[in-house]
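Student: Input start19.pdb, format and content: PDB, C-alpha atoms (C1' of nucleotides).
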ATOM      1  CA  MET O   1     -19.788  -2.613 -12.947
ATOM      2  CA  PRO O   2     -17.521  -4.609 -10.636
ATOM      3  CA  ILE O   3     -14.711  -2.857  -8.805
ATOM      4  CA  LYS O   4     -11.986  -4.778  -7.013
ATOM      5  CA  LEU O   5     -10.330  -2.781  -4.248
ATOM      6  CA  ALA O   6      -7.337  -3.728  -2.100
ATOM      7  CA  THR O   7      -6.016  -2.369   1.204
ATOM      8  CA  TRP O   8      -2.527  -3.271   2.432
ATOM      9  CA  ASN O   9      -0.095  -1.934   5.008
ATOM     10  CA  ILE O  10       2.991  -2.311   2.837
ATOM     11  CA  ASN O  11       5.655  -1.235   5.396
ATOM     12  CA  SER O  12       7.763   0.741   2.889
ATOM     13  CA  VAL O  13       6.405   0.971  -0.646
ATOM     14  CA  ARG O  14       9.824   1.534  -2.211
ATOM     15  CA  LEU O  15      11.310  -1.583  -0.627
ATOM     16  CA  ARG O  16       8.328  -3.758  -1.481
ATOM     17  CA  MET O  17       7.466  -2.603  -4.991
ATOM     18  CA  PRO O  18       8.289  -6.117  -6.319
ATOM     19  CA  LEU O  19       5.654  -7.543  -3.964
ATOM     20  CA  VAL O  20       3.128  -4.918  -5.068
ATOM     21  CA  GLU O  21       3.809  -5.970  -8.649
ATOM     22  CA  HIS O  22       3.355  -9.646  -7.817
ATOM     23  CA  PHE O  23       0.138  -8.907  -5.955
ATOM     24  CA  ALA O  24      -1.283  -6.673  -8.695
ATOM     25  CA  THR O  25      -0.454  -9.175 -11.424
ATOM     26  CA  ARG O  26      -1.942 -12.082  -9.540
ATOM     27  CA  PHE O  27      -5.097 -10.483  -8.082
ATOM     28  CA  GLN O  28      -5.750  -7.658 -10.561
ATOM     29  CA  PRO O  29      -7.263  -5.083  -8.201
ATOM     30  CA  ASP O  30      -8.644  -1.906  -9.813
ATOM     31  CA  VAL O  31      -7.786   0.233  -6.786
ATOM     32  CA  ILE O  32      -4.876  -0.260  -4.347
ATOM     33  CA  CYS O  33      -4.866   1.535  -0.978
ATOM     34  CA  LEU O  34      -1.550   1.360   0.873
ATOM     35  CA  GLN O  35      -0.453   2.435   4.346
ATOM     36  CA  GLU O  36       3.020   2.998   5.790
ATOM     37  CA  THR O  37       4.471   3.985   2.437
ATOM     38  CA  LYS O  38       7.336   5.646   4.367
ATOM     39  CA  CYS O  39       8.421   8.134   1.721
ATOM     40  CA  ARG O  40       7.894  11.719   0.656
ATOM     41  CA  ASP O  41       5.545  12.368  -2.266
ATOM     42  CA  GLY O  42       8.503  13.156  -4.530
ATOM     43  CA  GLU O  43      10.072   9.765  -3.741
ATOM     44  CA  PHE O  44       6.897   7.775  -4.432
ATOM     45  CA  PRO O  45       7.326   5.185  -7.228
ATOM     46  CA  SER O  46       4.526   6.600  -9.417
ATOM     47  CA  ALA O  47       6.200   5.426 -12.625
ATOM     48  CA  ASP O  48       6.137   1.818 -11.405
ATOM     49  CA  PHE O  49       2.429   2.062 -10.636
ATOM     50  CA  LYS O  50       1.815   3.547 -14.069
ATOM     51  CA  ARG O  51       3.687   0.676 -15.702
ATOM     52  CA  LEU O  52       1.547  -1.785 -13.731
ATOM     53  CA  GLY O  53      -1.637  -0.177 -15.041
ATOM     54  CA  TYR O  54      -2.353   2.342 -12.301
ATOM     55  CA  PRO O  55      -1.779   5.745 -13.914
ATOM     56  CA  HIS O  56      -3.852   7.582 -11.282
ATOM     57  CA  VAL O  57      -2.141   7.954  -7.922
ATOM     58  CA  ALA O  58      -3.210  10.015  -4.913
ATOM     59  CA  ILE O  59      -0.385  10.314  -2.377
ATOM     60  CA  ASN O  60      -0.088  11.672   1.136
ATOM     61  CA  GLY O  61       3.431  10.869   2.282
ATOM     62  CA  GLN O  62       6.096  12.087   4.672
ATOM     63  CA  LYS O  63       9.726  11.275   5.350
ATOM     64  CA  GLY O  64      10.487   7.945   6.984
ATOM     65  CA  TYR O  65       7.194   7.113   8.676
ATOM     66  CA  HIS O  66       3.486   6.693   8.057
ATOM     67  CA  GLY O  67       2.185   7.764   4.630
ATOM     68  CA  VAL O  68      -0.813   6.561   2.606
ATOM     69  CA  CYS O  69      -1.715   6.334  -1.069
ATOM     70  CA  ILE O  70      -4.478   5.253  -3.427
ATOM     71  CA  ALA O  71      -3.460   3.947  -6.852
ATOM     72  CA  SER O  72      -6.152   3.364  -9.438
ATOM     73  CA  ARG O  73      -6.901   2.231 -12.970
ATOM     74  CA  MET O  74      -9.803   4.723 -13.107
ATOM     75  CA  PRO O  75      -9.358   8.504 -12.808
ATOM     76  CA  PHE O  76     -10.380  10.397  -9.685
ATOM     77  CA  ASP O  77     -12.891  13.202  -9.610
ATOM     78  CA  ALA O  78     -11.498  14.548  -6.346
ATOM     79  CA  ILE O  79      -8.678  13.976  -3.856
ATOM     80  CA  ASP O  80      -8.875  14.954  -0.184
ATOM     81  CA  LYS O  81      -6.437  14.734   2.710
ATOM     82  CA  GLN O  82      -7.497  15.227   6.291
ATOM     83  CA  GLU O  83      -5.118  16.007   9.119
ATOM     84  CA  PHE O  84      -5.945  14.670  12.579
ATOM     85  CA  CYS O  85      -4.759  15.829  16.005
ATOM     86  CA  GLU O  86      -2.786  18.726  14.422
ATOM     87  CA  LYS O  87       0.305  16.545  14.220
ATOM     88  CA  GLY O  88       1.130  17.104  10.569
ATOM     89  CA  ASP O  89       1.116  13.305  10.070
ATOM     90  CA  ALA O  90       0.203  11.697   6.743
ATOM     91  CA  ARG O  91      -2.497   9.305   7.935
ATOM     92  CA  HIS O  92      -5.448   9.833   5.604
ATOM     93  CA  ILE O  93      -6.242  10.238   1.940
ATOM     94  CA  ALA O  94      -9.555   9.999   0.130
ATOM     95  CA  VAL O  95     -10.585   9.884  -3.502
ATOM     96  CA  THR O  96     -13.941  10.169  -5.192
ATOM     97  CA  PHE O  97     -14.730   8.367  -8.420
ATOM     98  CA  ALA O  98     -17.084  10.541 -10.396
ATOM     99  CA  ALA O  99     -20.645   9.747 -11.215
ATOM    100  CA  GLY O 100     -20.676   8.143 -14.629
ATOM    101  CA  VAL O 101     -17.168   6.699 -14.460
ATOM    102  CA  ALA O 102     -18.615   3.302 -13.773
ATOM    103  CA  GLY O 103     -22.011   4.366 -15.059
ATOM    104  CA  ARG O 104     -23.120   4.600 -11.432
ATOM    105  CA  ASP O 105     -23.290   6.847  -8.408
ATOM    106  CA  PRO O 106     -20.082   8.512  -7.211
ATOM    107  CA  ILE O 107     -18.103   6.491  -4.697
ATOM    108  CA  THR O 108     -15.674   7.861  -2.106
ATOM    109  CA  VAL O 109     -12.797   5.784  -0.727
ATOM    110  CA  HIS O 110     -11.146   6.787   2.566
ATOM    111  CA  ASN O 111      -7.754   5.285   3.359
ATOM    112  CA  PHE O 112      -6.575   5.539   7.004
ATOM    113  CA  TYR O 113      -3.488   4.752   9.007
ATOM    114  CA  VAL O 114      -4.433   5.037  12.692
ATOM    115  CA  PRO O 115      -1.560   5.547  15.204
ATOM    116  CA  ALA O 116      -0.229   2.303  16.697
ATOM    117  CA  GLY O 117      -0.260   3.668  20.246
ATOM    118  CA  GLY O 118       3.051   2.480  21.699
ATOM    119  CA  ASP O 119       3.429  -0.169  24.390
ATOM    120  CA  GLU O 120       1.763   1.058  27.563
ATOM    121  CA  PRO O 121      -2.050   1.311  27.408
ATOM    122  CA  ASP O 122      -2.150   4.388  29.648
ATOM    123  CA  ARG O 123      -2.863   7.848  28.280
ATOM    124  CA  GLU O 124      -1.285   9.534  31.324
ATOM    125  CA  THR O 125       2.154   7.954  30.901
ATOM    126  CA  ASN O 126       2.197   7.182  27.173
ATOM    127  CA  ASP O 127       1.767  10.074  24.744
ATOM    128  CA  LYS O 128       1.429   7.694  21.822
ATOM    129  CA  PHE O 129      -1.539   5.971  23.414
ATOM    130  CA  ALA O 130      -3.111   9.354  24.171
ATOM    131  CA  HIS O 131      -2.600  10.313  20.520
ATOM    132  CA  LYS O 132      -4.290   7.108  19.364
ATOM    133  CA  LEU O 133      -7.335   7.680  21.572
ATOM    134  CA  ASP O 134      -7.598  11.325  20.493
ATOM    135  CA  PHE O 135      -7.265  10.276  16.871
ATOM    136  CA  LEU O 136     -10.159   7.823  17.236
ATOM    137  CA  ASP O 137     -12.283  10.557  18.843
ATOM    138  CA  GLU O 138     -11.579  12.957  15.977
ATOM    139  CA  MET O 139     -12.170  10.202  13.465
ATOM    140  CA  ALA O 140     -15.603   9.568  14.988
ATOM    141  CA  HIS O 141     -16.554  13.230  14.607
ATOM    142  CA  TRP O 142     -15.212  13.550  11.104
ATOM    143  CA  LEU O 143     -16.457  10.238   9.670
ATOM    144  CA  GLY O 144     -19.794  10.693  11.382
ATOM    145  CA  ASP O 145     -20.353  14.108   9.875
ATOM    146  CA  GLY O 146     -22.466  12.998   6.920
ATOM    147  CA  ARG O 147     -19.661  11.025   5.307
ATOM    148  CA  ALA O 148     -21.474   7.687   5.547
ATOM    149  CA  GLY O 149     -24.216   8.923   3.238
ATOM    150  CA  GLY O 150     -24.291   7.654  -0.330
ATOM    151  CA  HIS O 151     -21.632   5.248  -1.541
ATOM    152  CA  ALA O 152     -18.571   5.427   0.684
ATOM    153  CA  ILE O 153     -15.967   3.015   1.959
ATOM    154  CA  VAL O 154     -13.355   3.276   4.713
ATOM    155  CA  VAL O 155     -10.296   1.030   4.547
ATOM    156  CA  GLY O 156      -6.925   0.877   6.181
ATOM    157  CA  ASP O 157      -4.736  -0.114   9.065
ATOM    158  CA  LEU O 158      -6.888   0.981  11.995
ATOM    159  CA  ASN O 159      -4.512  -0.641  14.503
ATOM    160  CA  VAL O 160      -7.391  -1.949  16.636
ATOM    161  CA  ALA O 161      -8.678  -5.523  16.697
ATOM    162  CA  PRO O 162     -12.224  -4.933  17.989
ATOM    163  CA  LEU O 163     -13.734  -8.420  18.355
ATOM    164  CA  GLU O 164     -12.773 -11.429  20.476
ATOM    165  CA  ASN O 165     -11.906 -13.474  17.420
ATOM    166  CA  ASP O 166      -9.887 -10.632  15.902
ATOM    167  CA  VAL O 167      -7.005 -11.687  18.187
ATOM    168  CA  TRP O 168      -5.349 -15.021  18.946
ATOM    169  CA  ASN O 169      -6.117 -14.815  22.690
ATOM    170  CA  HIS O 170      -8.852 -12.438  23.784
ATOM    171  CA  LYS O 171      -8.230 -12.636  27.543
ATOM    172  CA  TYR O 172      -4.496 -12.139  27.282
ATOM    173  CA  MET O 173      -4.800  -9.382  24.696
ATOM    174  CA  LEU O 174      -7.166  -7.258  26.821
ATOM    175  CA  LYS O 175      -4.055  -5.668  28.368
ATOM    176  CA  ILE O 176      -2.180  -5.301  25.087
ATOM    177  CA  VAL O 177      -2.416  -2.167  22.973
ATOM    178  CA  SER O 178      -4.705  -2.843  19.971
ATOM    179  CA  HIS O 179      -7.254  -4.872  21.958
ATOM    180  CA  THR O 180      -7.766  -2.938  25.222
ATOM    181  CA  PRO O 181     -11.409  -2.157  26.062
ATOM    182  CA  ILE O 182     -10.976   1.617  25.665
ATOM    183  CA  GLU O 183      -9.628   1.169  22.132
ATOM    184  CA  THR O 184     -12.196  -1.376  20.993
ATOM    185  CA  GLU O 185     -15.022   0.753  22.436
ATOM    186  CA  LYS O 186     -13.743   3.856  20.667
ATOM    187  CA  LEU O 187     -13.397   2.002  17.369
ATOM    188  CA  LYS O 188     -16.941   0.682  17.686
ATOM    189  CA  GLY O 189     -17.964   4.263  18.472
ATOM    190  CA  VAL O 190     -16.457   5.433  15.184
ATOM    191  CA  MET O 191     -18.457   2.765  13.352
ATOM    192  CA  GLU O 192     -21.710   3.730  15.059
ATOM    193  CA  THR O 193     -21.423   7.398  14.131
ATOM    194  CA  GLY O 194     -21.662   6.538  10.414
ATOM    195  CA  PRO O 195     -23.089   4.088  10.746
ATOM    196  CA  TRP O 196     -20.369   2.099   9.021
ATOM    197  CA  VAL O 197     -20.778  -1.603   8.319
ATOM    198  CA  ASP O 198     -17.924  -4.012   9.125
ATOM    199  CA  ALA O 199     -17.794  -5.560   5.655
ATOM    200  CA  MET O 200     -15.229  -8.255   6.540
ATOM    201  CA  ARG O 201     -17.475  -9.650   9.262
ATOM    202  CA  ARG O 202     -20.410  -9.804   6.846
ATOM    203  CA  PHE O 203     -18.560 -12.637   5.148
ATOM    204  CA  VAL O 204     -16.679 -14.219   8.051
ATOM    205  CA  PRO O 205     -18.862 -14.825  11.130
ATOM    206  CA  GLU O 206     -17.758 -13.345  14.472
ATOM    207  CA  GLN O 207     -17.272 -16.867  15.847
ATOM    208  CA  GLU O 208     -14.450 -17.464  13.386
ATOM    209  CA  ARG O 209     -10.930 -16.145  13.814
ATOM    210  CA  LEU O 210      -9.882 -13.563  11.273
ATOM    211  CA  PHE O 211      -6.402 -11.981  11.209
ATOM    212  CA  THR O 212      -4.578  -9.610   8.847
ATOM    213  CA  TRP O 213      -1.304  -9.109  10.769
ATOM    214  CA  TRP O 214       1.323 -11.453  12.189
ATOM    215  CA  SER O 215       4.380 -10.166  14.070
ATOM    216  CA  TYR O 216       7.815 -10.318  12.478
ATOM    217  CA  ARG O 217       9.072 -11.778  15.740
ATOM    218  CA  SER O 218       7.642 -15.255  15.250
ATOM    219  CA  PRO O 219       9.612 -17.185  12.684
ATOM    220  CA  ASP O 220       6.831 -19.801  12.764
ATOM    221  CA  TRP O 221       4.059 -17.212  12.344
ATOM    222  CA  ALA O 222       1.799 -19.618  10.424
ATOM    223  CA  THR O 223       1.806 -22.463  12.941
ATOM    224  CA  ALA O 224       1.798 -20.212  16.027
ATOM    225  CA  ASP O 225      -0.896 -18.097  14.328
ATOM    226  CA  LYS O 226      -0.756 -15.339  16.937
ATOM    227  CA  GLY O 227      -2.368 -12.843  14.620
ATOM    228  CA  ARG O 228      -4.621  -9.833  14.916
ATOM    229  CA  ARG O 229      -7.205  -8.207  12.620
ATOM    230  CA  LEU O 230      -5.816  -4.687  12.454
ATOM    231  CA  ASP O 231      -6.847  -3.914   8.869
ATOM    232  CA  HIS O 232     -10.458  -3.134   8.114
ATOM    233  CA  VAL O 233     -13.059  -2.503   5.448
ATOM    234  CA  TRP O 234     -16.100  -0.486   6.394
ATOM    235  CA  ALA O 235     -18.913   0.445   4.028
ATOM    236  CA  SER O 236     -21.736   2.940   4.176
ATOM    237  CA  GLU O 237     -25.090   1.155   4.481
ATOM    238  CA  GLN O 238     -25.900   1.942   0.858
ATOM    239  CA  LEU O 239     -22.617   0.558  -0.415
ATOM    240  CA  ALA O 240     -22.606  -2.444   1.937
ATOM    241  CA  ASN O 241     -25.359  -4.062  -0.107
ATOM    242  CA  SER O 242     -23.138  -3.927  -3.192
ATOM    243  CA  ILE O 243     -20.198  -5.772  -1.641
ATOM    244  CA  ARG O 244     -20.008  -9.276  -3.083
ATOM    245  CA  GLY O 245     -17.045 -10.647  -1.196
ATOM    246  CA  ILE O 246     -13.900 -10.136   0.857
ATOM    247  CA  GLU O 247     -10.604 -11.973   0.631
ATOM    248  CA  VAL O 248      -7.739 -11.861   3.112
ATOM    249  CA  VAL O 249      -4.627 -12.757   1.130
ATOM    250  CA  LYS O 250      -2.916 -14.669   3.927
ATOM    251  CA  GLU O 251      -0.352 -16.222   1.591
ATOM    252  CA  ALA O 252       1.248 -12.773   1.199
ATOM    253  CA  ARG O 253       2.667 -13.091   4.725
ATOM    254  CA  GLY O 254       4.786 -15.961   3.411
ATOM    255  CA  TRP O 255       6.192 -14.096   0.401
ATOM    256  CA  GLU O 256       9.859 -13.123   0.142
ATOM    257  CA  ARG O 257      10.645 -10.204   2.513
ATOM    258  CA  PRO O 258       6.973  -9.691   3.375
ATOM    259  CA  SER O 259       5.126  -6.904   5.121
ATOM    260  CA  ASP O 260       3.826  -7.989   8.526
ATOM    261  CA  HIS O 261       0.314  -7.114   7.252
ATOM    262  CA  VAL O 262      -1.444  -8.927   4.394
ATOM    263  CA  PRO O 263      -3.707  -7.409   1.724
ATOM    264  CA  VAL O 264      -7.485  -7.452   2.029
ATOM    265  CA  LEU O 265      -9.477  -7.537  -1.223
ATOM    266  CA  VAL O 266     -13.012  -6.236  -1.600
ATOM    267  CA  ASP O 267     -15.301  -7.056  -4.526
ATOM    268  CA  ILE O 268     -17.856  -4.339  -5.122
ATOM    269  CA  ASP O 269     -20.652  -4.687  -7.667
ATOM    270  CA  HIS O 270     -21.230  -0.991  -7.904
TER     271      HIS O 270
ATOM    272  C1'  DA A   1       1.761 -16.579  27.011
ATOM    273  C1'  DT A   2       5.559 -10.435  23.794
ATOM    274  C1'  DG A   3       9.424  -9.574  21.662
ATOM    275  C1'  DG A   4      13.087 -13.164  19.902
ATOM    276  C1'  DC A   5      12.263  -8.854  13.958
ATOM    277  C1'  DT A   6      12.122  -5.189  10.478
ATOM    278  C1'  DT A   7      12.178  -0.501   8.699
ATOM    279  C1'  DA A   8      14.256   4.463   7.834
ATOM    280  C1'  DC A   9      17.913   7.467   8.661
ATOM    281  C1'  DA A  10      22.562  13.690   7.012
ATOM    282  C1'  DA A  11      23.201   5.479  10.047
ATOM    283  C1'  DA A  12      26.575   2.119  13.233
ATOM    284  C1'  DG A  13      22.948   3.342  17.008
ATOM    285  C1'  DT A  14      18.193   5.141  17.618
ATOM    286  C1'  DA A  15      13.136   5.430  17.034
ATOM    287  C1'  DA A  16       9.240   3.181  15.599
ATOM    288  C1'  DG A  17       6.094  -0.436  14.613
ATOM    289  C1'  DA A  18       2.148  -3.401  17.445
TER     290       DA A  18
END
Let me see whether you can do it: turn the structure in this file into structure tokens.

Tutor:
Amino acid sequence: MPIKLATWNINSVRLRMPLVEHFATRFQPDVICLQETKCRDGEFPSADFKRLGYPHVAINGQKGYHGVCIASRMPFDAIDKQEFCEKGDARHIAVTFAAGVAGRDPITVHNFYVPAGGDEPDRETNDKFAHKLDFLDEMAHWLGDGRAGGHAIVVGDLNVAPLENDVWNHKYMLKIVSHTPIETEKLKGVMETGPWVDAMRRFVPEQERLFTWWSYRSPDWATADKGRRLDHVWASEQLANSIRGIEVVKEARGWERPSDHVPVLVDIDH
DNA sequence: ATGGCTTACAAAGTAAGA
């Protein structure tokens, strides 16, 4: 049974609910994973999701910043939230679709929002960068601890562009947070502990540029094209063989009052 | 050749994103 899953850093779910509606209507995903929802659980627009055909919503939110959710047409068998770095931040939520729901094996979806890391790529002088590196270390332990067995998928805004063609200028970006060697090595380390398969790069070769984020600061974002691939889809080895395709919905960056990230769609023939 | 923008908030300036 095919499952269409989307991941999108929405940069305020309440503000951009009209865009979520447009996206859902046009692309018809079965599961929508959002990051940076920026609201408490009680403020989450669950009724709107229900109206759009997503009656099942797993939320991990907080006031003003961060926050993740998974909205779904199918019911969940389990919901889990993991805290990292003892910060009390809402940066992870996972759901499991039960065996038999799709007539298949259970599938677990992890939705992450990794810390951005601030400006200075130095853990001694920048606490935010230290937090990001520590988060990636904890993530490696936790995601490597048997969680890549069976059918599992990791999506989200991981705030690291690991490959040369995940940024608009590799050499320049080596000094910029999101593409520094320590970050890209740690992110690759997280993948190896699974092992987790970079599903997006199964469909777009490493020689080709692939971006999911463009800064708000360039009015001519499309022509300048100074993007980064900060949003990711990783699959367990078992599930990787069931992924039929990936689509980066670049047009969403040009929508009215857009997020600076665009949605990534995953087609799974589960 | 990177911040020139955008968001939330017990708001009118600050913190955060990346």

Student: Starting from the shown file, work through the PyMOL selection byres ((chain O) within 7 of (chain A)) and note down what comes out as a PyMOL selection string.

Tutor: chain O and resi 64+116+216-217

Student: Near Asp157 in chain O, within 9 Å and counting only C-alpha atoms (C1' of nucleotides), which residues show up once chain neighbours fewer than 5 positions away are dropped, as a list of chain:residue names?

Tutor: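 The contact residues come out as O:Thr7, O:Trp8, O:Asn9, O:Leu34, O:Gln35, O:Glu36, O:Asn111, O:Phe112, O:Tyr113, O:Val114, O:Pro115, O:Leu230, O:Asp231, O:His232, O:His261.
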
Student: For the residues selected in the previous step, produce a file with C-alpha atoms as a compact mmCIF listing (two decimals), in the coordinates of the input.

Tutor:
# COMPACT_ATOMS: atom_id res chain seq x y z
CA THR O 7 -6.02 -2.37 1.20
CA TRP O 8 -2.53 -3.27 2.43
CA ASN O 9 -0.10 -1.93 5.01
CA LEU O 34 -1.55 1.36 0.87
CA GLN O 35 -0.45 2.44 4.35
CA GLU O 36 3.02 3.00 5.79
CA ASN O 111 -7.75 5.28 3.36
CA PHE O 112 -6.58 5.54 7.00
CA TYR O 113 -3.49 4.75 9.01
CA VAL O 114 -4.43 5.04 12.69
CA PRO O 115 -1.56 5.55 15.20
CA LEU O 230 -5.82 -4.69 12.45
CA ASP O 231 -6.85 -3.91 8.87
CA HIS O 232 -10.46 -3.13 8.11
CA HIS O 261 0.31 -7.11 7.25

Student: Calculate how many Å separate CA of Asp41 in chain O from CA of Glu138 in chain O, rounding to one decimal.

Tutor: 25.0 Å

Student: Got a sec to resolve the PyMOL selection byres ((chain O and resi 83-99) around 7) on this structure and send the residues as a ChimeraX atom specification?

Tutor: /O:60-62,66-69,75-82,100-101,103-114,134-135,138

Student: Tell me which residues the PyMOL selection byres ((chain O and resi 256) around 12) grabs here, as a ChimeraX atom specification.

Tutor: /O:15-20,22,251-255,257-260

Student: How far is it from CA of Asp269 in chain O to CA of Arg228 in chain O, in Å with one decimal?

Tutor: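 Atom-to-atom, CA of Asp269 in chain O to CA of Arg228 in chain O, that is 28.2 Å.
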
Student: Find the residues near Ile3 in chain O: any atom within 9 Å, counting only C-alpha atoms (C1' of nucleotides), skip ones fewer than 5 places away on the same chain, and give them as a list in words.

Tutor: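 Selected residues are Pro29, Asp30, Val31, Ala102, Val266, Asp267, Ile268, Asp269 and His270 of chain O.
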
Student: How many Å separate CA of Val233 in chain O from CA of Cys33 in chain O?

Tutor: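 CA of Cys33 in chain O lies at a distance of 11.2 Å from CA of Val233 in chain O.
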